[in-house]
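Source file: start.txt; contents: compact mmCIF, C-alpha atoms and all ligand atoms.
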# COMPACT_ATOMS: atom_id res chain seq x y z
CA MET M 1 0.00 0.00 0.00
CA LYS M 2 1.18 3.57 -0.62
CA ASN M 3 0.31 6.98 0.80
CA THR M 4 -2.12 5.15 3.03
CA ALA M 5 -4.76 6.84 5.16
CA LEU M 6 -6.45 5.14 8.08
CA ILE M 7 -9.87 6.74 8.54
CA THR M 8 -12.03 6.05 11.59
CA GLY M 9 -15.75 6.64 11.11
CA ALA M 10 -15.46 6.03 7.36
CA SER M 11 -18.89 4.43 6.95
CA SER M 12 -20.80 7.72 6.70
CA GLY M 13 -20.74 11.51 6.78
CA ILE M 14 -17.45 13.42 6.94
CA GLY M 15 -15.29 10.27 7.17
CA LYS M 16 -16.82 8.79 4.02
CA GLU M 17 -16.13 12.04 2.12
CA LEU M 18 -12.56 12.18 3.44
CA ALA M 19 -12.12 8.66 2.05
CA ARG M 20 -13.46 9.72 -1.36
CA ILE M 21 -11.14 12.75 -1.48
CA HIS M 22 -8.09 10.70 -0.44
CA ALA M 23 -8.84 7.99 -3.03
CA SER M 24 -9.37 10.60 -5.76
CA LYS M 25 -5.67 11.48 -5.35
CA GLY M 26 -4.68 7.86 -6.10
CA ARG M 27 -3.85 7.16 -2.43
CA ASP M 28 -4.64 3.93 -0.57
CA LEU M 29 -6.98 3.50 2.39
CA ILE M 30 -7.80 1.54 5.53
CA LEU M 31 -11.45 2.18 6.40
CA VAL M 32 -12.64 1.64 9.99
CA ALA M 33 -16.14 1.71 11.54
CA ARG M 34 -18.65 -0.75 13.04
CA ARG M 35 -20.93 -1.20 10.01
CA ILE M 36 -18.80 -3.46 7.86
CA GLU M 37 -21.37 -3.70 5.01
CA LEU M 38 -21.15 0.08 4.48
CA LEU M 39 -17.34 -0.10 4.45
CA HIS M 40 -17.46 -2.86 1.83
CA GLY M 41 -19.79 -0.74 -0.32
CA LEU M 42 -17.39 2.22 -0.12
CA LYS M 43 -14.42 -0.05 -0.85
CA GLU M 44 -16.13 -1.28 -4.03
CA GLU M 45 -16.91 2.28 -5.13
CA LEU M 46 -13.36 3.56 -4.54
CA THR M 47 -11.47 0.61 -6.00
CA GLN M 48 -13.55 0.70 -9.17
CA LYS M 49 -13.44 4.47 -9.60
CA TYR M 50 -9.84 5.22 -8.59
CA ARG M 51 -7.99 1.85 -8.79
CA VAL M 52 -6.59 2.30 -5.28
CA GLN M 53 -6.06 -0.40 -2.64
CA VAL M 54 -8.68 -0.28 0.09
CA GLU M 55 -8.78 -2.44 3.24
CA VAL M 56 -11.71 -2.50 5.67
CA ILE M 57 -11.68 -3.24 9.39
CA ALA M 58 -14.83 -3.51 11.52
CA LYS M 59 -14.14 -2.18 14.99
CA ASP M 60 -16.12 -0.63 17.84
CA LEU M 61 -13.55 1.90 18.99
CA SER M 62 -15.48 2.74 22.17
CA VAL M 63 -14.48 -0.67 23.55
CA VAL M 64 -11.43 -0.64 25.83
CA GLY M 65 -8.48 -2.21 23.97
CA ALA M 66 -10.02 -1.78 20.49
CA SER M 67 -7.60 0.93 19.35
CA GLN M 68 -4.59 -1.19 20.34
CA ALA M 69 -6.13 -4.19 18.53
CA LEU M 70 -6.66 -2.02 15.43
CA TYR M 71 -3.02 -0.86 15.49
CA ASP M 72 -1.80 -4.46 15.97
CA GLU M 73 -3.88 -5.64 12.99
CA VAL M 74 -2.47 -2.88 10.77
CA ILE M 75 1.13 -3.66 11.78
CA GLN M 76 0.69 -7.44 11.43
CA ASN M 77 -0.53 -6.90 7.87
CA GLY M 78 2.58 -4.83 7.11
CA TRP M 79 0.58 -1.70 6.28
CA GLN M 80 2.15 1.71 6.89
CA VAL M 81 -0.19 4.52 7.92
CA ASP M 82 0.98 7.81 6.38
CA TYR M 83 -2.22 9.74 7.14
CA LEU M 84 -4.33 9.25 10.25
CA PHE M 85 -7.88 10.59 10.25
CA ASN M 86 -9.26 10.42 13.79
CA ASN M 87 -12.81 11.13 12.78
CA ALA M 88 -15.23 8.68 14.48
CA GLY M 89 -17.36 10.37 17.09
CA PHE M 90 -20.89 11.00 18.27
CA GLY M 91 -22.84 13.48 20.38
CA GLY M 92 -25.87 13.29 22.64
CA LYS M 93 -28.56 15.79 23.53
CA GLY M 94 -29.84 16.37 27.07
CA ALA M 95 -29.06 17.81 30.49
CA PHE M 96 -25.96 16.09 31.88
CA LEU M 97 -27.56 14.83 35.10
CA GLU M 98 -30.55 13.45 33.22
CA ARG M 99 -28.54 11.51 30.66
CA GLU M 100 -27.37 7.95 31.24
CA LEU M 101 -23.76 8.28 32.42
CA GLU M 102 -22.84 5.18 30.42
CA GLN M 103 -23.77 6.97 27.16
CA ASP M 104 -21.45 9.83 28.06
CA THR M 105 -18.57 7.60 29.17
CA GLU M 106 -18.90 5.67 25.87
CA MET M 107 -18.69 9.07 24.12
CA VAL M 108 -15.51 9.92 26.03
CA ARG M 109 -14.02 6.50 25.22
CA LEU M 110 -14.64 7.08 21.49
CA ASN M 111 -14.25 10.85 21.01
CA VAL M 112 -11.27 11.17 23.38
CA MET M 113 -9.65 7.88 24.41
CA ALA M 114 -9.63 6.17 21.00
CA LEU M 115 -8.29 9.35 19.36
CA LEU M 116 -5.61 9.69 22.03
CA LYS M 117 -4.49 6.07 21.71
CA LEU M 118 -4.41 6.01 17.90
CA THR M 119 -2.53 9.31 17.72
CA HIS M 120 -0.02 8.01 20.27
CA LEU M 121 0.56 4.72 18.42
CA PHE M 122 0.60 5.91 14.81
CA GLY M 123 2.08 9.31 15.69
CA LYS M 124 5.16 7.63 17.19
CA ASP M 125 5.73 5.63 13.99
CA MET M 126 5.28 8.77 11.89
CA LYS M 127 7.77 10.69 14.02
CA GLN M 128 10.34 7.91 13.63
CA ARG M 129 9.96 8.15 9.86
CA ALA M 130 9.95 11.98 10.10
CA LYS M 131 6.84 12.02 7.91
CA GLY M 132 3.10 11.92 8.46
CA LYS M 133 -0.15 13.84 8.72
CA ILE M 134 -2.88 13.59 11.35
CA LEU M 135 -6.34 15.11 11.01
CA GLN M 136 -8.53 15.05 14.13
CA THR M 137 -12.20 15.86 13.67
CA ALA M 138 -13.04 18.28 16.48
CA SER M 139 -15.85 20.86 16.19
CA THR M 140 -16.65 24.52 16.76
CA ALA M 141 -18.15 23.04 19.95
CA GLY M 142 -14.57 22.69 21.14
CA PHE M 143 -14.32 26.45 21.70
CA LEU M 144 -17.59 26.90 23.60
CA PRO M 145 -19.42 25.89 26.79
CA GLY M 146 -22.07 23.30 25.85
CA PRO M 147 -25.15 23.14 28.06
CA TYR M 148 -27.52 20.33 26.99
CA GLN M 149 -24.75 18.62 25.04
CA ASN M 150 -22.19 19.14 27.73
CA THR M 151 -20.04 16.03 27.49
CA TYR M 152 -19.87 16.24 23.70
CA PHE M 153 -18.64 19.85 23.81
CA ALA M 154 -16.09 18.87 26.47
CA THR M 155 -14.76 16.00 24.32
CA LYS M 156 -14.25 18.39 21.41
CA ALA M 157 -12.54 20.97 23.68
CA PHE M 158 -10.14 18.16 24.55
CA VAL M 159 -9.45 17.48 20.87
CA VAL M 160 -8.83 21.17 20.10
CA SER M 161 -6.49 21.63 23.06
CA HIS M 162 -4.66 18.35 22.48
CA THR M 163 -4.11 19.19 18.82
CA GLN M 164 -2.77 22.66 19.59
CA GLY M 165 -0.27 21.33 22.13
CA LEU M 166 0.81 18.38 20.01
CA ALA M 167 1.28 20.58 16.94
CA HIS M 168 3.78 22.63 18.92
CA GLU M 169 5.64 19.53 20.15
CA LEU M 170 5.84 18.20 16.58
CA LYS M 171 7.26 21.39 15.01
CA GLY M 172 10.15 20.49 12.71
CA SER M 173 9.52 16.73 13.07
CA GLY M 174 8.00 16.21 9.63
CA VAL M 175 4.67 15.28 11.23
CA THR M 176 1.73 17.69 11.35
CA VAL M 177 -1.54 17.57 13.25
CA THR M 178 -4.68 19.49 12.35
CA ALA M 179 -8.02 19.90 14.14
CA LEU M 180 -10.99 20.05 11.78
CA CYS M 181 -13.63 22.26 13.41
CA PRO M 182 -16.94 22.35 11.57
CA GLY M 183 -20.25 23.83 12.68
CA PRO M 184 -23.40 21.81 11.93
CA VAL M 185 -22.94 19.37 9.02
CA GLN M 186 -25.52 17.27 7.14
CA THR M 187 -24.62 13.74 8.25
CA GLU M 188 -26.11 11.04 10.48
CA PHE M 189 -24.71 12.96 13.47
CA ALA M 190 -27.94 14.92 14.24
CA GLN M 191 -30.06 11.76 14.23
CA VAL M 192 -27.61 9.80 16.38
CA ALA M 193 -27.32 12.68 18.88
CA GLY M 194 -31.09 13.08 19.23
CA PHE M 195 -31.46 16.31 17.21
CA GLY M 196 -33.80 14.78 14.59
CA SER M 197 -35.85 17.88 13.71
CA SER M 198 -33.71 20.54 15.41
CA LYS M 199 -33.49 23.98 13.78
CA MET M 200 -29.78 23.91 14.56
CA PHE M 201 -29.14 21.70 11.53
CA GLU M 202 -31.23 23.74 9.09
CA GLY M 203 -28.82 25.04 6.43
CA ALA M 204 -26.04 22.79 7.75
CA ALA M 205 -22.90 22.47 5.59
CA SER M 206 -22.41 19.53 3.24
CA ALA M 207 -20.20 16.68 4.40
CA TYR M 208 -18.19 16.85 1.15
CA LYS M 209 -17.39 20.57 1.46
CA THR M 210 -16.46 20.15 5.13
CA ALA M 211 -14.19 17.20 4.37
CA LEU M 212 -12.52 19.01 1.45
CA ILE M 213 -11.73 22.11 3.52
CA GLY M 214 -10.33 19.89 6.29
CA TYR M 215 -8.30 17.76 3.89
CA ASN M 216 -6.72 20.84 2.29
CA ALA M 217 -5.93 22.33 5.71
CA MET M 218 -4.25 19.06 6.71
CA GLU M 219 -2.18 19.07 3.50
CA LYS M 220 -0.99 22.58 4.37
CA GLY M 221 -0.22 21.57 7.97
CA LYS M 222 -2.63 24.11 9.49
CA VAL M 223 -3.28 23.52 13.20
CA ILE M 224 -6.88 24.75 13.50
CA CYS M 225 -9.35 24.64 10.64
CA ILE M 226 -12.72 26.27 11.30
CA THR M 227 -14.58 25.37 8.14
CA GLU M 228 -17.02 28.28 7.86
CA LEU M 229 -16.34 32.00 7.89
CA GLN M 230 -19.23 32.97 10.19
CA PHE M 231 -18.12 30.48 12.87
CA SER M 232 -14.52 31.58 12.52
CA PHE M 233 -15.60 35.20 13.09
CA LEU M 234 -17.79 34.17 16.03
CA ILE M 235 -15.07 32.18 17.76
CA LYS M 236 -12.04 34.34 17.02
CA CYS M 237 -13.55 37.86 17.10
CA LEU M 238 -16.77 37.78 19.18
CA ARG M 239 -16.35 34.97 21.72
CA PRO M 240 -13.34 36.55 23.54
CA PHE M 241 -15.53 39.57 24.39
CA LEU M 242 -18.68 37.68 25.43
CA PRO M 243 -19.11 36.64 29.07
CA THR M 244 -19.14 32.83 29.37
CA SER M 245 -22.57 32.87 31.06
CA LEU M 246 -24.05 34.75 28.08
CA THR M 247 -22.39 32.36 25.60
CA ALA M 248 -23.69 29.36 27.58
CA GLY M 249 -27.22 30.84 27.45
CA ILE M 250 -27.07 31.22 23.66
CA ILE M 251 -25.77 27.67 23.22
CA ALA M 252 -28.45 26.29 25.58
CA LYS M 253 -31.18 27.88 23.44
CA MET M 254 -29.63 26.47 20.26
CA GLN M 255 -29.41 22.95 21.71
CA GLN M 256 -33.08 23.06 22.70
CA SER M 257 -34.37 24.57 19.42
N1 LIG B 301 -22.28 16.52 11.74
C1 LIG B 301 -21.97 17.57 12.48
O1 LIG B 301 -22.79 18.50 12.65
C2 LIG B 301 -20.60 17.66 13.10
C3 LIG B 301 -20.11 18.92 13.48
C4 LIG B 301 -18.85 19.02 14.06
C5 LIG B 301 -18.09 17.88 14.24
N2 LIG B 301 -18.58 16.66 13.88
C6 LIG B 301 -17.74 15.47 14.11
O2 LIG B 301 -17.49 14.84 12.87
C7 LIG B 301 -17.13 13.48 13.10
C8 LIG B 301 -17.85 12.61 12.09
O3 LIG B 301 -19.24 12.69 12.33
P1 LIG B 301 -20.30 12.86 11.18
O4 LIG B 301 -20.90 14.20 11.31
O5 LIG B 301 -19.74 12.44 9.88
O6 LIG B 301 -21.43 11.85 11.70
P2 LIG B 301 -21.85 10.38 11.25
O7 LIG B 301 -22.38 10.42 9.84
O8 LIG B 301 -22.76 9.90 12.33
O9 LIG B 301 -20.49 9.57 11.26
C9 LIG B 301 -19.92 9.06 12.44
C10 LIG B 301 -18.96 7.95 12.06
O10 LIG B 301 -18.36 7.44 13.27
C11 LIG B 301 -18.51 6.03 13.29
N3 LIG B 301 -18.63 5.54 14.66
C12 LIG B 301 -19.58 5.88 15.56
N4 LIG B 301 -19.43 5.18 16.70
C13 LIG B 301 -18.34 4.38 16.50
C14 LIG B 301 -17.67 3.42 17.30
N5 LIG B 301 -18.08 3.12 18.55
N6 LIG B 301 -16.59 2.77 16.80
C15 LIG B 301 -16.16 3.06 15.52
N7 LIG B 301 -16.76 3.97 14.73
C16 LIG B 301 -17.83 4.61 15.20
C17 LIG B 301 -19.78 5.76 12.49
O11 LIG B 301 -19.73 4.45 11.91
P3 LIG B 301 -20.49 3.15 12.45
O12 LIG B 301 -21.82 3.59 12.97
O13 LIG B 301 -20.57 2.30 11.23
O14 LIG B 301 -19.59 2.60 13.50
C18 LIG B 301 -19.65 6.79 11.38
O15 LIG B 301 -18.84 6.31 10.34
C19 LIG B 301 -17.46 13.20 14.56
O16 LIG B 301 -16.28 13.20 15.32
C20 LIG B 301 -18.35 14.37 14.96
O17 LIG B 301 -18.27 14.66 16.32
C21 LIG B 301 -19.81 16.54 13.30

Kindly present the structure from the file in structure tokens form.
Ligand SMILES: NC(=O)c1ccc[n+]([C@@H]2O[C@H](COP(=O)([O-])OP(=O)(O)OC[C@H]3O[C@@H](n4cnc5c(N)ncnc54)[C@H](OP(=O)(O)O)[C@@H]3O)[C@@H](O)[C@H]2O)c1
Amino acid sequence: MKNTALITGASSGIGKELARIHASKGRDLILVARRIELLHGLKEELTQKYRVQVEVIAKDLSVVGASQALYDEVIQNGWQVDYLFNNAGFGGKGAFLERELEQDTEMVRLNVMALLKLTHLFGKDMKQRAKGKILQTASTAGFLPGPYQNTYFATKAFVVSHTQGLAHELKGSGVTVTALCPGPVQTEFAQVAGFGSSKMFEGAASAYKTALIGYNAMEKGKVICITELQFSFLIKCLRPFLPTSLTAGIIAKMQQS
């Protein structure tokens, strides 16, 4: 395999579009998610259209030990991961104390722990080779307090902060790390998180456009990529001047819309 990307959460949404973009450049892929039939469908599409090598691995990355098992499988097969897309993740609506804690701990295991482990394992190999690119799907949520989707926002704040620190540590190493920070995107995310008919996702960005902006930012080695201008303005120019309590109130209304 050559110029190989390992993409978690490749069975739908942003991850699926990242896979299509990567394959369109003639680069190989390892696709990871739980729904193996969807991964096989994507593999067929990409191998036929772009003549690239695509491997699929079914894995529930919220299970303790799954990320290590994934890494071991990749190494045993002799595959080299040149691009790591830590993209799998999910959210969940509701007041923190009224949600099942197990749902939120599963979210932390996937959105934070799996990302941390895979970046540690593959990042070390990349650093040894002095070459590699890592794209972590965070969110604009990572810059904001998140009442009524509290744990999700906190997981994305972790990803933003971790990426910023790691990018500094990796300066001059040949390895770059980028946090992709979209606002609402049209994917299965809203349904999974319990926002079925929420106004928040009206006019949401397309998964393809989001993935393309993120992919290009990763190629350039940018650290933070906020995909839409209005969110970039909000976070960089307005947020620093808004009291946190006011920001939390606005977010709370949006989550309940
Ligand atoms: N959509 C948005 O509005 C939005 C905005 C900002 C950031 N994001 C972030 O973007 C990333 C991708 O989400 P998306 O919007 O593309 O939503 P999506 O369509 O629901 O995709 C989520 C992907 O993660 C995979 N996944 C979920 N649980 C998993 C598990 N336990 N183990 C392995 N894979 C798992 C899913 O595959 P299987 O179900 O087949 O396992 C799927 O491929 C997430 O990190 C999300 O937080 C989304």

Using only C-alpha atoms and all ligand atoms, what does the table of chain M residues within 7 Å of ligand LIG 301 (chain B) look like, with each row giving the shortest atom pair and its distance in Å to one decimal, sorted by chain and ascending number, as CSV?
residue,atom,partner,partner_atom,distance
M:Thr8,CA,B:LIG301,N7,6.0
M:Gly9,CA,B:LIG301,O15,3.2
M:Ala10,CA,B:LIG301,O15,4.5
M:Ser11,CA,B:LIG301,O15,3.9
M:Ser12,CA,B:LIG301,O15,4.4
M:Gly13,CA,B:LIG301,O5,3.4
M:Ile14,CA,B:LIG301,O5,3.9
M:Gly15,CA,B:LIG301,O5,5.6
M:Val32,CA,B:LIG301,N7,6.7
M:Ala33,CA,B:LIG301,N7,4.0
M:Arg34,CA,B:LIG301,O14,3.5
M:Arg35,CA,B:LIG301,O13,3.7
M:Ile36,CA,B:LIG301,O13,6.9
M:Lys59,CA,B:LIG301,C15,5.6
M:Asp60,CA,B:LIG301,N6,3.6
M:Leu61,CA,B:LIG301,N6,3.8
M:Ser62,CA,B:LIG301,N5,4.5
M:Asn87,CA,B:LIG301,O16,4.8
M:Ala88,CA,B:LIG301,O10,3.6
M:Gly89,CA,B:LIG301,O16,3.5
M:Phe90,CA,B:LIG301,O17,4.9
M:Gly91,CA,B:LIG301,O17,6.2
M:Leu110,CA,B:LIG301,N5,6.0
M:Asn111,CA,B:LIG301,O16,6.5
M:Thr137,CA,B:LIG301,O16,5.1
M:Ala138,CA,B:LIG301,C5,5.5
M:Ser139,CA,B:LIG301,C4,4.1
M:Thr140,CA,B:LIG301,C4,6.5
M:Cys181,CA,B:LIG301,C4,6.2
M:Pro182,CA,B:LIG301,C4,4.6
M:Gly183,CA,B:LIG301,C3,5.0
M:Pro184,CA,B:LIG301,O1,3.4
M:Val185,CA,B:LIG301,O1,3.7
M:Gln186,CA,B:LIG301,N1,5.7
M:Thr187,CA,B:LIG301,O7,4.3
M:Glu188,CA,B:LIG301,O7,3.8
M:Phe189,CA,B:LIG301,O8,3.8
M:Ala190,CA,B:LIG301,N1,6.4
M:Val192,CA,B:LIG301,O8,6.3
M:Ala207,CA,B:LIG301,O5,6.9

Tell me which protein, DNA and RNA residues are within 8 Å of Ile134 of chain M, counting all atoms listed in the file, leaving out same-chain ones fewer than 4 positions away, and put them as a tab-separated table (two decimals) with C-alpha atoms, keeping the file's coordinate frame.
chain	number	residue	atom	x	y	z
M	83	TYR	CA	-2.22	9.74	7.14
M	84	LEU	CA	-4.33	9.25	10.25
M	85	PHE	CA	-7.88	10.59	10.25
M	86	ASN	CA	-9.26	10.42	13.79
M	119	THR	CA	-2.53	9.31	17.72
M	123	GLY	CA	2.08	9.31	15.69
M	175	VAL	CA	4.67	15.28	11.23
M	176	THR	CA	1.73	17.69	11.35
M	177	VAL	CA	-1.54	17.57	13.25
M	178	THR	CA	-4.68	19.49	12.35
M	218	MET	CA	-4.25	19.06	6.71

Within 12 Å of (1.8, 21.4, 15.1) in the file's own coordinates, which protein, DNA or RNA residues have an atom, counting all atoms listed in the file? List them as a ChimeraX atom specification.
/M:132-135,160-179,218,220-224

Have a look at atom CA of Lys199 of chain M and atom CA of Arg109 of chain M and let me know their distance in Å, one decimal.
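Rounded to one decimal, the two atoms are 28.6 Å apart.
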
Hey, can you check how far atom CA of Val54 of chain M sits from atom CA of Glu17 of chain M?
14.5 Å

Residues within 10 Å of Leu70 of chain M, all atoms listed in the file, excluding chain neighbours under 2 positions, as JSON, numbers by chain:
{"M": [32, 57, 58, 59, 60, 61, 65, 66, 67, 68, 72, 73, 74, 75, 76, 118]}

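Separating atom CA of Lys253 of chain M from atom CA of Lys209 of chain M is a distance of 27.0 Å.
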
Specify the axis-aligned box that encloses all atoms of segment 198-201 of chain M listed in the file after padding of 6 Å on each side, stating its centre and edge lengths in Å to one decimal as AutoDock Vina command-line options.
--center_x -31.4 --center_y 22.3 --center_z 13.5 --size_x 16.6 --size_y 15.4 --size_z 15.9

Residues near Val108 of chain M, anyone? I mean within 9 Å using all atoms listed in the file, not counting same-chain ones fewer than 5 positions away, as an MDAnalysis selection string.
chainID M and resid 62 103 113:114 151:152 154:155

Considering all atoms listed in the file, can you say which of M:Gly196, M:Gly41, M:Gly214, M:Pro145 comes closest to Glu55 of chain M?
M:Gly41

Incomplete segment 202-212 of chain M brought to all heavy atoms, written out as a compact mmCIF listing (two decimals), keeping the file's coordinate frame:
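Dumped to part_5.txt:
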# COMPACT_ATOMS: atom_id res chain seq x y z
N GLU M 202 -30.69 23.16 10.32
CA GLU M 202 -31.23 23.74 9.09
C GLU M 202 -30.11 24.53 8.42
O GLU M 202 -29.43 25.32 9.08
CB GLU M 202 -32.40 24.69 9.41
CG GLU M 202 -33.69 23.94 9.72
CD GLU M 202 -34.81 24.86 10.20
OE1 GLU M 202 -34.64 26.09 10.15
OE2 GLU M 202 -35.84 24.32 10.64
N GLY M 203 -29.89 24.32 7.15
CA GLY M 203 -28.82 25.04 6.43
C GLY M 203 -27.43 24.55 6.80
O GLY M 203 -26.44 25.27 6.58
N ALA M 204 -27.35 23.35 7.38
CA ALA M 204 -26.04 22.79 7.75
C ALA M 204 -25.17 22.58 6.51
O ALA M 204 -25.67 22.38 5.41
CB ALA M 204 -26.24 21.46 8.48
N ALA M 205 -23.85 22.62 6.70
CA ALA M 205 -22.90 22.47 5.59
C ALA M 205 -22.94 21.05 5.03
O ALA M 205 -23.36 20.12 5.72
CB ALA M 205 -21.50 22.80 6.09
N SER M 206 -22.46 20.88 3.81
CA SER M 206 -22.41 19.53 3.24
C SER M 206 -21.17 18.80 3.78
O SER M 206 -20.14 19.43 4.08
CB SER M 206 -22.36 19.58 1.71
OG SER M 206 -21.05 19.78 1.26
N ALA M 207 -21.31 17.49 3.89
CA ALA M 207 -20.20 16.68 4.40
C ALA M 207 -19.00 16.76 3.44
O ALA M 207 -17.85 16.80 3.88
CB ALA M 207 -20.65 15.24 4.58
N TYR M 208 -19.29 16.80 2.13
CA TYR M 208 -18.19 16.85 1.15
C TYR M 208 -17.39 18.13 1.31
O TYR M 208 -16.15 18.10 1.38
CB TYR M 208 -18.74 16.73 -0.28
CG TYR M 208 -17.66 17.00 -1.31
CD1 TYR M 208 -16.65 16.07 -1.53
CD2 TYR M 208 -17.62 18.21 -2.00
CE1 TYR M 208 -15.63 16.33 -2.42
CE2 TYR M 208 -16.59 18.48 -2.90
CZ TYR M 208 -15.60 17.53 -3.11
OH TYR M 208 -14.59 17.80 -3.99
N LYS M 209 -18.09 19.28 1.37
CA LYS M 209 -17.39 20.57 1.46
C LYS M 209 -16.57 20.64 2.76
O LYS M 209 -15.42 21.09 2.76
CB LYS M 209 -18.44 21.69 1.44
CG LYS M 209 -17.84 23.06 1.23
CD LYS M 209 -18.93 24.13 1.17
CE LYS M 209 -18.34 25.45 1.61
NZ LYS M 209 -19.33 26.39 2.11
N THR M 210 -17.15 20.15 3.83
CA THR M 210 -16.46 20.15 5.13
C THR M 210 -15.19 19.31 5.05
O THR M 210 -14.12 19.73 5.50
CB THR M 210 -17.41 19.59 6.22
OG1 THR M 210 -18.60 20.39 6.23
CG2 THR M 210 -16.75 19.59 7.58
N ALA M 211 -15.33 18.12 4.47
CA ALA M 211 -14.19 17.20 4.37
C ALA M 211 -13.09 17.80 3.48
O ALA M 211 -11.90 17.71 3.79
CB ALA M 211 -14.65 15.86 3.82
N LEU M 212 -13.50 18.43 2.40
CA LEU M 212 -12.52 19.01 1.45
C LEU M 212 -11.72 20.13 2.11
O LEU M 212 -10.49 20.19 1.99
CB LEU M 212 -13.24 19.52 0.20
CG LEU M 212 -12.32 20.00 -0.92
CD1 LEU M 212 -11.45 18.86 -1.45
CD2 LEU M 212 -13.13 20.60 -2.07
